[in-house]
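Take a look at the structure below.
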Amino acid sequence: MTPEYISEQRVRAALNPVHTLVDALEEAFRNFSKGKEGGAIQPLRTRLEVSDHNGMLIAMPVYSVNDQALAIKVLTLYSENKRRNLPTYQGVMLLFHADTGCLASIIDAISVTEIRTAAASAVATKCIYRGEPKILAIIGAGSQGKGHWNVFSQIYSFTEVRVYSRTRSSSEKLVSHIGSRGKVCESAEDAVKNADIIITATFSKQPLVFKDWVKPGAHINALGANSPDRQELDPVLVRDSVVYVDDRRAAIAGSGDIIHSKAEIYAEIGEVIDGRKEIKRDPITIFKSLGLAIEDAVTAKLVHDSVHKERAADTDRKSNQQTGRK
């Protein structure tokens, strides 16, 4: 059969509500951190610099034996595209039938990445943070900032959501989406002071969040600074916190926050979920997320299965209607 293209709109419909994806990613983290025993085969991502155009091509292949999910995500990242009125990230997911290698679906990768990244942060937050958070700070008001709000608002009941972006109009746009609980902040410091959960989702090359601003007991989901030349967090903050990651190898090789701080990584989140590492929460916790290909594969398979289940149900309805008419 000809593989079907699954658009952003259909991806979002298939993954809403987000709880099924959160549960699936929790299991994916567990399997990934078990290595071969967990059935996750995932090499480090490949990055191809397109330096004359300030761009990058990224490829992330993976096979999850337990999920029977064979996939590759291919993305381009062109940081100057915003000035051209074009998306910074573009790309597709290719999902294959694991038993035959036949291409099953071609799926919009941007929506998959946005939602699975936020859901992964939610898994880490549920696992690490103690209590019911009330104040959420979002640093960076792009698609990931918005995506994290969309996911976290389904899980937690925040009383206040503070947003800071270097571009005020971006903050205002996100706060408008959030509604009455949203607040535009004039600085990153104003946003993070006394916040329970902090999300950093920027392309910054300099630290934006400093230790003195963050209260003890706060949890940070840091998903920007996903290359050695970028930073979001003050190195002192990183060194003095309990650092969790999705992938230890990738964080050591590719996270600017880890590289510049020379911080010790306490655990992969999958090790905690599996019970091999106890949860440490004091004084501050950080989940440094670079994104796992297994997250993409599990998410893509959920989308594919949902779309085809919906199609089968629609076919049955039409068949029953035709039978009834006869």
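Following the order of the structure tokens, first chain is A, next is B, and so on, with residues numbered from 1 inside each chain and ligands from 1 in the order they appear.
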
Identify, on the basis of only C-alpha atoms, every residue whose closest approach to stretch 158-169 of chain A does not exceed 6 Å; exclude the query and any residue fewer than 5 positions from it along the same chain; express the result as a list in words. Lys134, Ile135, Leu136, Ala137, Ile138, Ile139, Gly140, Ala141, Arg181, Gly182, Lys183, Val184, Cys185, Ala188 and Ala191 of chain A

Selection above as a file: N, CA, C and O atoms, as a compact mmCIF listing (two decimals), in the first residue's frame:
# COMPACT_ATOMS: atom_id res chain seq x y z
N LYS A 134 2.30 25.26 41.56
CA LYS A 134 1.32 26.33 41.35
C LYS A 134 1.79 27.40 40.37
O LYS A 134 0.99 28.00 39.66
N ILE A 135 3.11 27.66 40.34
CA ILE A 135 3.64 28.70 39.48
C ILE A 135 4.55 28.08 38.42
O ILE A 135 5.52 27.39 38.75
N LEU A 136 4.22 28.32 37.17
CA LEU A 136 5.00 27.83 36.03
C LEU A 136 5.67 29.01 35.35
O LEU A 136 5.03 30.03 35.08
N ALA A 137 6.97 28.89 35.08
CA ALA A 137 7.71 29.90 34.33
C ALA A 137 8.15 29.31 33.00
O ALA A 137 8.71 28.21 32.96
N ILE A 138 7.88 30.01 31.93
CA ILE A 138 8.28 29.57 30.59
C ILE A 138 9.23 30.62 30.02
O ILE A 138 8.85 31.77 29.81
N ILE A 139 10.47 30.21 29.76
CA ILE A 139 11.47 31.09 29.17
C ILE A 139 11.64 30.67 27.72
O ILE A 139 12.14 29.60 27.42
N GLY A 140 11.17 31.52 26.83
CA GLY A 140 11.14 31.17 25.40
C GLY A 140 9.71 30.91 24.98
O GLY A 140 9.09 29.96 25.46
N ALA A 141 9.18 31.78 24.12
CA ALA A 141 7.75 31.73 23.79
C ALA A 141 7.49 31.22 22.38
O ALA A 141 6.49 31.58 21.77
N ARG A 181 -4.56 33.19 33.40
CA ARG A 181 -3.46 32.86 34.32
C ARG A 181 -2.10 33.31 33.80
O ARG A 181 -1.11 33.29 34.53
N GLY A 182 -2.04 33.68 32.54
CA GLY A 182 -0.78 34.06 31.92
C GLY A 182 -0.34 35.47 32.28
O GLY A 182 -1.16 36.36 32.48
N LYS A 183 0.99 35.66 32.34
CA LYS A 183 1.55 36.97 32.68
C LYS A 183 2.83 37.18 31.88
O LYS A 183 3.73 36.34 31.90
N VAL A 184 2.92 38.32 31.19
CA VAL A 184 4.15 38.69 30.49
C VAL A 184 5.14 39.26 31.50
O VAL A 184 4.80 40.15 32.29
N CYS A 185 6.37 38.74 31.49
CA CYS A 185 7.41 39.23 32.39
C CYS A 185 8.45 40.03 31.61
O CYS A 185 8.75 39.71 30.45
N ALA A 188 13.84 37.46 32.57
CA ALA A 188 13.85 36.06 32.97
C ALA A 188 13.84 35.94 34.49
O ALA A 188 13.21 35.05 35.06
N ALA A 191 10.42 36.15 35.85
CA ALA A 191 9.64 34.95 35.53
C ALA A 191 9.95 33.80 36.48
O ALA A 191 9.04 33.10 36.94

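Residues with any atom within 6 Å of stretch 97-104 of chain A, counting only C-alpha atoms and excluding same-chain neighbours fewer than 2 positions away, are A:Pro3, A:Gln68, A:Leu70, A:Leu95.
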
Emit the selected residues as a compact mmCIF listing (two decimals), in the first residue's frame, including N, CA, C and O atoms.
# COMPACT_ATOMS: atom_id res chain seq x y z
N PRO A 3 2.22 4.55 1.26
CA PRO A 3 2.22 5.14 2.60
C PRO A 3 1.45 6.45 2.63
O PRO A 3 1.47 7.22 1.67
N GLN A 68 7.82 -2.48 18.48
CA GLN A 68 7.83 -2.80 17.06
C GLN A 68 7.71 -1.51 16.24
O GLN A 68 6.91 -1.41 15.29
N LEU A 70 9.91 1.08 14.04
CA LEU A 70 11.13 1.33 13.26
C LEU A 70 10.94 2.66 12.54
O LEU A 70 10.00 2.82 11.76
N LEU A 95 7.96 6.28 9.25
CA LEU A 95 7.66 5.12 10.08
C LEU A 95 7.53 3.89 9.18
O LEU A 95 6.78 3.92 8.20

In stretch 110-264 of chain A, what's strand (DSSP E) per DSSP? Answer as a ChimeraX atom specification? /A:135-139,160-164,182-184,197-200,219-222,242-245

Pick out each residue of stretch 177-324 of chain A that DSSP on the backbone tags as alpha helix (DSSP H); I need them as a VMD selection string. chain A and resid 177 to 178 188 to 192 235 to 239 248 to 254 256 to 261 269 to 273 293 to 324

Distance query stretch 40-56 of chain A at most 7 Å, only C-alpha atoms, self and fewer than 3 positions along chain excluded, as a ChimeraX atom specification: /A:31-32,35-36,59-65,76-79,250,293

If we count only C-alpha atoms and set the cut-off at 7 Å, which residues sit around stretch 120-133 of chain A, ignoring sequence neighbours fewer than 4 positions away in its own chain? Please answer as JSON, numbers by chain. {"A": [22, 25, 26, 116, 152, 158, 196, 197, 219, 221, 269, 279, 281, 287]}

Output of the above residues as a short mmCIF file (atom, residue, chain, number, x, y, z; two decimals), in the first residue's frame, restricted to all heavy atoms:
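again21.cif written:
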data_model
loop_
_atom_site.label_atom_id
_atom_site.label_comp_id
_atom_site.auth_asym_id
_atom_site.auth_seq_id
_atom_site.Cartn_x
_atom_site.Cartn_y
_atom_site.Cartn_z
N VAL A 22 2.07 10.30 27.37
CA VAL A 22 2.92 10.42 28.57
C VAL A 22 3.22 9.03 29.13
O VAL A 22 4.37 8.71 29.46
CB VAL A 22 2.23 11.31 29.63
CG1 VAL A 22 2.96 11.21 30.97
CG2 VAL A 22 2.20 12.77 29.16
N LEU A 25 5.70 7.24 26.79
CA LEU A 25 7.07 7.76 26.88
C LEU A 25 7.75 7.34 28.17
O LEU A 25 8.96 7.12 28.20
CB LEU A 25 7.06 9.28 26.75
CG LEU A 25 6.70 9.84 25.37
CD1 LEU A 25 6.84 11.35 25.36
CD2 LEU A 25 7.56 9.23 24.27
N GLU A 26 6.98 7.22 29.24
CA GLU A 26 7.55 6.73 30.49
C GLU A 26 8.14 5.34 30.29
O GLU A 26 9.26 5.04 30.72
CB GLU A 26 6.48 6.71 31.59
CG GLU A 26 7.02 6.30 32.94
CD GLU A 26 5.99 6.46 34.05
OE1 GLU A 26 5.09 7.30 33.91
OE2 GLU A 26 6.12 5.74 35.05
N ARG A 116 5.94 15.51 21.71
CA ARG A 116 6.67 14.48 22.46
C ARG A 116 7.71 15.10 23.38
O ARG A 116 7.99 14.58 24.46
CB ARG A 116 7.28 13.44 21.52
CG ARG A 116 8.42 13.87 20.60
CD ARG A 116 9.78 13.87 21.27
NE ARG A 116 10.86 13.79 20.32
CZ ARG A 116 12.01 14.42 20.44
NH1 ARG A 116 12.22 15.25 21.45
NH2 ARG A 116 12.97 14.26 19.54
N PHE A 152 1.37 20.57 29.77
CA PHE A 152 1.38 20.70 31.22
C PHE A 152 0.03 21.15 31.77
O PHE A 152 -0.33 20.79 32.90
CB PHE A 152 2.48 21.68 31.65
CG PHE A 152 3.82 21.04 31.82
CD1 PHE A 152 4.44 20.39 30.76
CD2 PHE A 152 4.48 21.06 33.04
CE1 PHE A 152 5.67 19.78 30.90
CE2 PHE A 152 5.71 20.45 33.20
CZ PHE A 152 6.32 19.81 32.14
N PHE A 158 -2.10 25.07 37.37
CA PHE A 158 -1.29 26.22 37.78
C PHE A 158 -2.19 27.42 38.07
O PHE A 158 -3.19 27.64 37.39
CB PHE A 158 -0.30 26.58 36.67
CG PHE A 158 0.73 25.53 36.38
CD1 PHE A 158 0.62 24.72 35.26
CD2 PHE A 158 1.79 25.31 37.25
CE1 PHE A 158 1.57 23.74 34.99
CE2 PHE A 158 2.74 24.34 37.00
CZ PHE A 158 2.62 23.55 35.87
N ASP A 196 7.67 27.26 40.71
CA ASP A 196 7.82 25.85 41.09
C ASP A 196 8.44 25.04 39.96
O ASP A 196 9.32 24.20 40.18
CB ASP A 196 6.46 25.27 41.46
CG ASP A 196 5.82 26.00 42.61
OD1 ASP A 196 6.46 26.10 43.68
OD2 ASP A 196 4.68 26.50 42.44
N ILE A 197 7.92 25.25 38.75
CA ILE A 197 8.42 24.57 37.55
C ILE A 197 8.91 25.63 36.58
O ILE A 197 8.21 26.62 36.32
CB ILE A 197 7.31 23.73 36.88
CG1 ILE A 197 6.69 22.75 37.88
CG2 ILE A 197 7.88 22.98 35.67
CD1 ILE A 197 7.63 21.71 38.43
N HIS A 219 11.94 22.80 40.08
CA HIS A 219 12.37 21.84 39.05
C HIS A 219 12.45 22.55 37.71
O HIS A 219 11.53 23.29 37.33
CB HIS A 219 11.40 20.66 38.95
CG HIS A 219 11.71 19.74 37.80
ND1 HIS A 219 12.83 18.94 37.78
CD2 HIS A 219 11.07 19.53 36.62
CE1 HIS A 219 12.85 18.26 36.64
NE2 HIS A 219 11.80 18.60 35.92
N ASN A 221 12.96 22.12 33.56
CA ASN A 221 13.03 21.33 32.34
C ASN A 221 13.76 22.17 31.30
O ASN A 221 13.22 23.16 30.79
CB ASN A 221 11.63 20.97 31.83
CG ASN A 221 10.90 20.03 32.77
OD1 ASN A 221 11.35 18.93 33.01
ND2 ASN A 221 9.77 20.48 33.30
N ILE A 269 16.68 9.65 33.26
CA ILE A 269 15.34 9.59 33.84
C ILE A 269 14.79 8.16 33.77
O ILE A 269 14.04 7.71 34.64
CB ILE A 269 14.38 10.59 33.14
CG1 ILE A 269 13.13 10.81 33.97
CG2 ILE A 269 14.07 10.18 31.73
CD1 ILE A 269 13.37 11.48 35.30
N ILE A 279 15.29 8.76 43.73
CA ILE A 279 15.01 10.14 43.36
C ILE A 279 15.68 11.07 44.37
O ILE A 279 15.50 10.93 45.58
CB ILE A 279 13.50 10.42 43.32
CG1 ILE A 279 12.83 9.53 42.28
CG2 ILE A 279 13.23 11.89 43.01
CD1 ILE A 279 11.32 9.59 42.31
N ARG A 281 16.06 15.20 45.21
CA ARG A 281 15.33 16.43 44.87
C ARG A 281 15.99 17.71 45.39
O ARG A 281 15.53 18.79 45.05
CB ARG A 281 13.91 16.35 45.44
CG ARG A 281 13.05 15.25 44.87
CD ARG A 281 11.63 15.36 45.38
NE ARG A 281 10.74 14.43 44.71
CZ ARG A 281 10.42 13.23 45.20
NH1 ARG A 281 10.94 12.83 46.35
NH2 ARG A 281 9.59 12.44 44.53
N PHE A 287 16.05 18.63 34.57
CA PHE A 287 15.95 17.59 33.55
C PHE A 287 16.46 18.19 32.25
O PHE A 287 15.83 19.07 31.67
CB PHE A 287 14.52 17.10 33.38
CG PHE A 287 14.34 16.12 32.24
CD1 PHE A 287 15.10 14.96 32.16
CD2 PHE A 287 13.42 16.37 31.22
CE1 PHE A 287 14.95 14.06 31.12
CE2 PHE A 287 13.26 15.47 30.17
CZ PHE A 287 14.02 14.32 30.11
#

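Using only C-alpha atoms, the smallest distance between any of A:Ser33, A:Ala13, A:Val214, A:Ile72 and A:Asp190 comes from A:Val214.
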
One decimal, in Å: what's the spacing between atom CA of A:Tyr89 and atom CA of A:Lys73? 12.2 Å

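Once A:Leu223 and its same-chain neighbours fewer than 4 positions away are set aside, Ile199, Thr200, Ala201, Thr202, Lys288, Ser289 and Leu290 of chain A remain within 8 Å of it when counting only C-alpha atoms.
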
In terms of the shortest atom-to-atom distance over only C-alpha atoms, which of A:Gly217, A:Ile259, A:Thr88, A:Gly38 is closest to A:Leu57?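 Checking each of A:Gly217, A:Ile259, A:Thr88, A:Gly38 against A:Leu57, counting only C-alpha atoms, the winner is A:Thr88.
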
Can you work out the spacing between atom CA of A:Ser171 and atom CA of A:Ser227 in Å, to one decimal?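 Taking atom CA of A:Ser171 as the start and atom CA of A:Ser227 as the end point, the length is 24.4 Å.
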
With distances taken over only C-alpha atoms, which of A:Asp23, A:Asp274, A:Glu268, A:Asp282 is nearest to A:Ser241?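 Comparing A:Asp23, A:Asp274, A:Glu268, A:Asp282 against A:Ser241, the winner is A:Asp282.
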
Selected residue of minimal separation from A:Leu237 among A:Leu21, A:Val112, A:Val209, A:Ala297, counting only C-alpha atoms: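 Ranked by minimum distance to A:Leu237, first place goes to A:Val209.
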
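The shortest atom-to-atom distance to A:Glu80, with only C-alpha atoms taken into account, belongs to A:Phe203 out of A:Gly270, A:Lys211, A:Phe203, A:Thr113.
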
Mind checking which residues fall within 9 Å of A:Ala225, counting only C-alpha atoms, ignoring those fewer than 5 positions away in the same chain, and posting them as a ChimeraX atom specification? /A:201-205,230-233,254-257,290
